[in-house]
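Undergrad: For reference, the structure I am asking about is given below.
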Amino acid sequence: PTENTTFTSSIPMRRVDEVRTPLPIGRSIAHGGTLILDRRGLVTPTGVIGTLFVVGDGLARGYFGQPGLTALRFLPNPFPSRPGERMYDTGDRASWSADGWMDFHGRDDTQVKIRGFRIELEEIEASLRAHPAVRDAAVLARLSEGGDKRLVAYVVQEADYLNEEVTDEAAGEEQVDEWGMVFDDLYLKDSPLDDPTFNIIGWESTYTGEPLPAQEMRQWLDDTIERIAAEKPRRILEIGCGTGMLLFRLAPGCERYLGTDLSQEAIHYLEKTVGDRLPQVELVCQPADVFEGIAAGSFDTVILNSVVQYFPTAEYLAEVIVGAQRILAPGGCLFLGDLRSQPLNEAFATAVELFQAPEGMALDALRLRIQRRLVEENELTVSPSFFAAMQERTPAIERVEVHPKFGKAHNELTAFRYQVILRFAGAAGAPKRVDPPAGAVSVDGGTQEIDLDFLRRRLASRPDFLAARQLRNARTASATRAVAYLDSGEGLATVDELRQSLATGASAIDPADLAALADEAGYELELGWAEPGFDGRFEALLRVVGREDEAPLSSWLSEPRPAAGDPELAQYCSRPLQGRFVRRSVPVLRSFLGSRLPDYMVPSAFVLMEELPLTSNGKLDRRALPAPDGARTRARDAAYVAPRSTMEGKLAAIWQEVLGVDRVGIHDNFFDLGGHSLLATQVVSRVRSVLGVKLPLRAFFETQTLNKLAEHLAAIVMVLDPGRDSAQVEIEDELEEGEL
């Protein structure tokens with residue numbers, strides 16, 4: 001142990017067959033010593049397990065500056081060789097063997113007593129690690145709000161095992177189908193506005209769950225339209241046309257406009273709304289990766305706006321890009337709008353959870369919520385470097401342009417999303433450039449403090465061209481600083497303290513304010529986001545109005561760079577399928593432990609982690625393991641009522657499997673347990689296969705709790721089989737699929 005100057009014990013090893021298994025920890029070295037004592041402080045006989053203590057000349061005096069911890073671990077030696085000698089309590093459990101060697105038996109602090117049973121936590125941890133999905137595990141006994149001890153398992157999943165699961169092609173197809181179901185249900189609802197060409201149904205804030213304001217959505221749409229219209233498209237294919245917000249603005253200026261969507265309801269809505277007004281518009285219901293029947297070179301522009309986040313994998317996105325290239329004419333472009341930024345994914349999750357966190361919440365609990373959101377992410381987030389990697393793999397991609405969103409509103413669309421234009425070979429424009437023209441003024445926010453006044457002073461000298469790199473982004477600054485605080489643990493304990501720390505900070509620039517400055521000074525502005533990194537910094541190019549250049553301003557933007565080597569495309573994206581398998585793994589692991597251990601040794605809660613926390617010495621830091629979400633657990637425990645009928649029991653079992661929770665009561669709310677639309681579709685599918693009933697997806701939003709959903713199912717059964725009275729509504733175990 002570190003508390004001893006060098007070594008405490010040693011064992012000679014000459015040949016492998018001389019050494020017993022498990023490996024002993026040997027005998028004490030010279031000038032040192034060890035004691036194995038029982039709980040009464042008496043020396044243990046041979047073969048009897050006790051606590052291992054270290055004595056001798058090499059023992060430390062204690063912990064520097066920590067008298068309390070020193071007194072706890074450095075105890076008076078009951079068998080001193082000189083007055084005042086102390087011994088160190090290692091916390092290890094050991095025994096003497098018949099040949100005089102010490103055998104190791106785990107840690108004292110991993111043995112707990114729960115409901116009268118003595119439990120070895122290391123035995124549970126070893127059983128967990130025996131499952132191929134588990135790379136590492138730790139188990140703690142934690143006190144619940146009611147004062148009783150509960151076992152909590154902390155699991156790090158095995159990457160290779162998880163990779164095989166989340167790249168499963170069938171799972172990807174299932175995810176795409178589920179999104180189709182979500183949007184079919186969504187587009188059955190009425191538009192919140194009277195204008196059918198500006199239908200913003202489903203555009204809700206992740207922070208509040210409320211619809212985004214129409215004014216902010218119009219700014220978002222105007223920026224998108226302006227960017228696409230600048231390409232002067234004549235023949236457009238829009239993949240994922242939805243309610244047609246782009247179509248109704250762009251199609252009138254086109255000779256051909258093909259809109260496709262995964263949702264049949266979206267196509268029905270557009271067919272009804274378009275009518276005979278736009279004869280150049282064709283509408284087809286099909287997935288994004290289907291290009292059959294479209295001739296090569298048919299279009300000059302392909303649009304994927306606010307669609308990519310619903311793709312299941314990075315490989316699926318790559319397939320769509322390759323398909324789009326085939327049907328584009330020489331010099332065509334692919335516009336990918338409203339992309340969720342992978343480098344800023346943690347900052348976004350942190351911003352959302354910090355906004356939603358109640359006052360007084362501990363930062364450990366906040367960290368756990370953020371981690372859960374990241375692990376259970378069901379949308380595809382993409383790094384700009386993905387498109388650089390695609391450019392290396394696809395020589396026809398001549399240039400990659402990355403732009404942050406314009407707009408005055410501060411919301412998740414303007415802060416954490418961006419748009420990309422892929423230009424394909426054959427364009428008549430200027431050659432690629434990534435450096436400012438000769439004589440340009442360049443400033444770098446990575447090496448100097450730059451704010452709006454600094455740029456205003458630079459523009460006062462009227463340079464023809466100003467290139468500003470690494471500008472601190474006011475839209476992401478608070479979220480990225482919160483990530484830094486949580487990573488460093490700078491003495492903050494609660495979300496209130498974190499919010500106060502974020503109230504003041506270094507100066508940052510809002511892109512909307514920079515646009516206003518450019519207009520005021522007589523400059524045209526282009527924004528780039530090739531390397532947003534984890535703090536969201538951006539670049540800005542300003543060119544004096546009236547200057548003649550052979551290339552558009554955007555051609556001077558920096559292009560994203562791929563990672564060194566040749567990493568898989570998946571390294572540049574999140575894994576939307578991961579959350580599906582993470583939730584599924586909890587009941588699998590619980591069942592696996594149940595087959596190996598008695599019931600009282602199966603943890604009641606599982607926390608899935610990216611890594612287990614370690615001390616500075618590289619040991620597991622059990623004190624840093626976060627508690628499960630206490631507020632949610634307490635609320636569920638207080639309101640828990642077990643299922644009362646076969647119907648409620650079957651529905652509860654389905655919820656447990658889909659949500660990855662240990663139990664579900666009849667008053668539990670599906671969305672409070674972590675459910676969302678995509679998970680609701682999985683419940684719908686399982687209800688159909690297990691109970692033989694086709695449950696409408698919207699029933700979840702109308703009922704939400706398990707008992708009300710069970711009543712809704714019972715009503716469906718009564719309609720399908722009116723001869724049964726209310727006492728017969730339960731669906732028996734032996735009911736075959738489709739019998740109803």
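By convention in this document, the chains of the structure tokens carry letters A, B, ... by their order, each chain's residues are numbered from 1, and ligands are numbered from 1 in the order they are shown.
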Give me, as a ChimeraX atom specification, all polymer residues having an atom no more than 8 Å from segment 157-159 of chain A, counting only C-alpha atoms and skipping those fewer than 5 positions away in the same chain.
TA: /A:132-136,608-610
Undergrad: Would you return as a PyMOL selection string the members of segment 214-302 of chain A that DSSP assigns to helix (DSSP H, G or I) on this structure's backbone?
TA: chain A and resi 214-229+247-253+264-274
Undergrad: Let's have the selection written as a compact mmCIF listing (two decimals), in the first residue's frame, with C-alpha atoms.
TA:
```
# COMPACT_ATOMS: atom_id res chain seq x y z
CA ALA A 214 -43.39 31.07 -34.32
CA GLN A 215 -41.24 34.20 -34.67
CA GLU A 216 -38.06 32.24 -33.85
CA MET A 217 -39.06 29.49 -36.27
CA ARG A 218 -39.58 32.07 -39.04
CA GLN A 219 -36.04 33.40 -38.47
CA TRP A 220 -34.73 29.85 -38.56
CA LEU A 221 -36.59 29.18 -41.81
CA ASP A 222 -35.56 32.48 -43.44
CA ASP A 223 -31.87 31.70 -42.80
CA THR A 224 -32.26 28.23 -44.34
CA ILE A 225 -34.11 29.52 -47.40
CA GLU A 226 -31.57 32.31 -47.95
CA ARG A 227 -28.67 29.85 -47.85
CA ILE A 228 -30.32 27.46 -50.36
CA ALA A 229 -31.69 30.19 -52.65
CA LEU A 247 -41.07 23.30 -50.41
CA PHE A 248 -43.64 26.11 -50.37
CA ARG A 249 -40.87 28.75 -50.41
CA LEU A 250 -38.52 27.15 -52.95
CA ALA A 251 -40.72 25.21 -55.38
CA PRO A 252 -42.30 28.25 -57.13
CA GLY A 253 -38.86 29.17 -58.54
CA GLN A 264 -47.20 8.68 -45.31
CA GLU A 265 -49.23 11.20 -43.29
CA ALA A 266 -46.75 13.96 -44.25
CA ILE A 267 -47.19 13.11 -47.93
CA HIS A 268 -50.99 13.10 -47.56
CA TYR A 269 -50.82 16.52 -45.87
CA LEU A 270 -48.70 17.96 -48.68
CA GLU A 271 -50.79 16.44 -51.45
CA LYS A 272 -53.86 18.07 -49.94
CA THR A 273 -52.12 21.43 -49.35
CA VAL A 274 -50.22 21.67 -52.66
```
Undergrad: When you count only C-alpha atoms, which of these residues is closest to Glu3 of chain A: A:Gln578, A:Ile49, A:Ile25, A:Thr90?
TA: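 Among the listed residues, the smallest separation from Glu3 of chain A belongs to A:Thr90.
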Undergrad: What gap, in Å, lies between atom CA of Lys694 of chain A and atom CA of Glu711 of chain A?
TA: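 We find that atom CA of Lys694 of chain A and atom CA of Glu711 of chain A lie 14.3 Å from each other.
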Undergrad: Residues near Glu315 of chain A, anyone? I mean within 12 Å using only C-alpha atoms, not counting same-chain ones fewer than 6 positions away, as a PyMOL selection string.
TA: chain A and resi 166-169+172+289+308+321-322+380+382+386+390+568-575
Undergrad: Based on the backbone DSSP call, show me all residues of segment 512-559 of chain A assigned strand (DSSP E or B), as a PyMOL selection string.
TA: chain A and resi 523-528+538-544
Undergrad: Excluding same-chain residues fewer than 5 positions from Asn473 of chain A, what lies within 12 Å of it counting only C-alpha atoms, as a ChimeraX atom specification?
TA: /A:344,404,410,414-416,445,450-452,478-481,506-514,527-529,532-540
Undergrad: Please report the interatomic distance between atom CA of Tyr485 of chain A and atom CA of Leu620 of chain A in Å with one decimal.
TA: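 About the pair atom CA of Tyr485 of chain A and atom CA of Leu620 of chain A: they are 22.3 Å apart.
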Undergrad: Quick one: residues within 7 Å of Ser10 of chain A, only C-alpha atoms counted, chain neighbours fewer than 2 positions away excluded, as a PyMOL selection string?
TA: chain A and resi 12+25-29
Undergrad: Those selected residues, please, written with N, CA and C atoms and delivered as a PDB file, in the first residue's frame.
TA:
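Saved to again_28.pdb:
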```pdb
ATOM      1  N   PRO A  12       8.674 -15.404  -3.558  1.00  0.00           N
ATOM      2  CA  PRO A  12       9.565 -15.831  -4.657  1.00  0.00           C
ATOM      3  C   PRO A  12       8.797 -16.674  -5.661  1.00  0.00           C
ATOM      4  N   ILE A  25      -0.047 -13.398  -1.217  1.00  0.00           N
ATOM      5  CA  ILE A  25       0.685 -12.123  -1.166  1.00  0.00           C
ATOM      6  C   ILE A  25       1.943 -12.257  -0.319  1.00  0.00           C
ATOM      7  N   GLY A  26       2.336 -13.505  -0.009  1.00  0.00           N
ATOM      8  CA  GLY A  26       3.663 -13.789   0.507  1.00  0.00           C
ATOM      9  C   GLY A  26       3.862 -13.546   1.988  1.00  0.00           C
ATOM     10  N   ARG A  27       5.146 -13.291   2.327  1.00  0.00           N
ATOM     11  CA  ARG A  27       5.558 -13.038   3.709  1.00  0.00           C
ATOM     12  C   ARG A  27       6.065 -11.606   3.826  1.00  0.00           C
ATOM     13  N   SER A  28       6.118 -11.115   5.078  1.00  0.00           N
ATOM     14  CA  SER A  28       6.611  -9.751   5.315  1.00  0.00           C
ATOM     15  C   SER A  28       8.084  -9.654   4.948  1.00  0.00           C
ATOM     16  N   ILE A  29       8.474  -8.484   4.418  1.00  0.00           N
ATOM     17  CA  ILE A  29       9.885  -8.253   4.118  1.00  0.00           C
ATOM     18  C   ILE A  29      10.623  -7.869   5.401  1.00  0.00           C
TER      19      ILE A  29
END
```
Undergrad: Find the distance between atom CA of Val684 of chain A and atom CA of Thr381 of chain A and write it in Å to one decimal.
TA: 26.2 Å
Undergrad: Excluding His131 of chain A and its own-chain neighbours fewer than 2 positions away, which residues fall within 12 Å of it when counting only C-alpha atoms? Please give them as a list in words.
TA: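 The residues that qualify are Ile124, Glu125, Ala126, Ser127, Leu128, Arg129, Ala133, Val134, Arg135, Asp136, Ala137, Val155, Val156, Gln157, Glu158, Tyr161, Ser585, Val586, Val588, Leu589, Arg590, Ser591, Phe592, Leu593, Ser595 and Arg596 of chain A.
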Undergrad: Using only C-alpha atoms, can you tell me which of A:Asp364, A:Glu526, A:Glu412, A:Glu379 comes closest to Ala624 of chain A?
TA: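 Nearest candidate to Ala624 of chain A out of A:Asp364, A:Glu526, A:Glu412, A:Glu379: A:Asp364.
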Undergrad: Name the residues in contact with Phe387 of chain A at a cut-off of 9 Å, using only C-alpha atoms, excluding same-chain residues fewer than 5 positions from it; report them as a PyMOL selection string.
TA: chain A and resi 382+392+400+420+422+560-562
Undergrad: Only N, CA, C and O atoms, please: the residues just picked out, written as a JSON list (two decimals), in the first residue's frame.
TA:
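Written output follows (again31.json):
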```json
[["chain", "number", "residue", "atom", "x", "y", "z"],
["A", 382, "VAL", "N", -23.61, 14.94, -35.33],
["A", 382, "VAL", "CA", -22.55, 14.79, -36.34],
["A", 382, "VAL", "C", -21.50, 15.87, -36.16],
["A", 382, "VAL", "O", -21.81, 17.05, -35.99],
["A", 392, "GLU", "N", -12.54, 12.68, -48.15],
["A", 392, "GLU", "CA", -11.40, 11.81, -48.44],
["A", 392, "GLU", "C", -11.84, 10.52, -49.11],
["A", 392, "GLU", "O", -11.13, 9.98, -49.95],
["A", 400, "VAL", "N", -16.17, 21.40, -48.88],
["A", 400, "VAL", "CA", -17.08, 21.28, -47.74],
["A", 400, "VAL", "C", -17.18, 22.64, -47.06],
["A", 400, "VAL", "O", -16.17, 23.20, -46.62],
["A", 420, "VAL", "N", -24.38, 22.45, -43.57],
["A", 420, "VAL", "CA", -23.23, 22.08, -44.41],
["A", 420, "VAL", "C", -23.65, 22.08, -45.87],
["A", 420, "VAL", "O", -24.76, 21.65, -46.22],
["A", 422, "LEU", "N", -22.13, 20.55, -49.38],
["A", 422, "LEU", "CA", -21.13, 19.73, -50.08],
["A", 422, "LEU", "C", -21.22, 20.07, -51.56],
["A", 422, "LEU", "O", -22.27, 19.90, -52.19],
["A", 560, "PRO", "N", -13.35, 21.77, -42.67],
["A", 560, "PRO", "CA", -13.07, 20.85, -41.55],
["A", 560, "PRO", "C", -11.99, 19.85, -41.93],
["A", 560, "PRO", "O", -11.76, 19.58, -43.12],
["A", 561, "ARG", "N", -11.32, 19.32, -40.92],
["A", 561, "ARG", "CA", -10.26, 18.35, -41.15],
["A", 561, "ARG", "C", -10.63, 17.02, -40.50],
["A", 561, "ARG", "O", -11.16, 17.00, -39.39],
["A", 562, "PRO", "N", -10.31, 15.92, -41.18],
["A", 562, "PRO", "CA", -10.57, 14.61, -40.55],
["A", 562, "PRO", "C", -9.52, 14.32, -39.49],
["A", 562, "PRO", "O", -8.47, 14.97, -39.43]]
```
Undergrad: May I ask which of the residues A:Ala477, A:Ala138, A:Ala324, A:Ala516 is the closest one to Phe299 of chain A, counting only C-alpha atoms?
TA: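 Closest to Phe299 of chain A, using only C-alpha atoms: A:Ala324.
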Undergrad: I need the residue nearest Leu151 of chain A from this list: A:Gly56, A:Gly505, A:Pro628, A:Pro603. Use only C-alpha atoms for the distance.
TA: A:Pro603
Undergrad: Using only C-alpha atoms, which of the listed residues (A:Ser263, A:Ser488, A:Gln656, A:Thr243) sits closest to Thr197 of chain A?
TA: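 Closest to Thr197 of chain A of all the choices is A:Thr243.
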Undergrad: Under the rule that only C-alpha atoms are counted, which of A:Pro343, A:Trp179, A:Leu52, A:Asp184 is the nearest residue to Tyr310 of chain A?
TA: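 Closest residue, counting only C-alpha atoms: A:Trp179.
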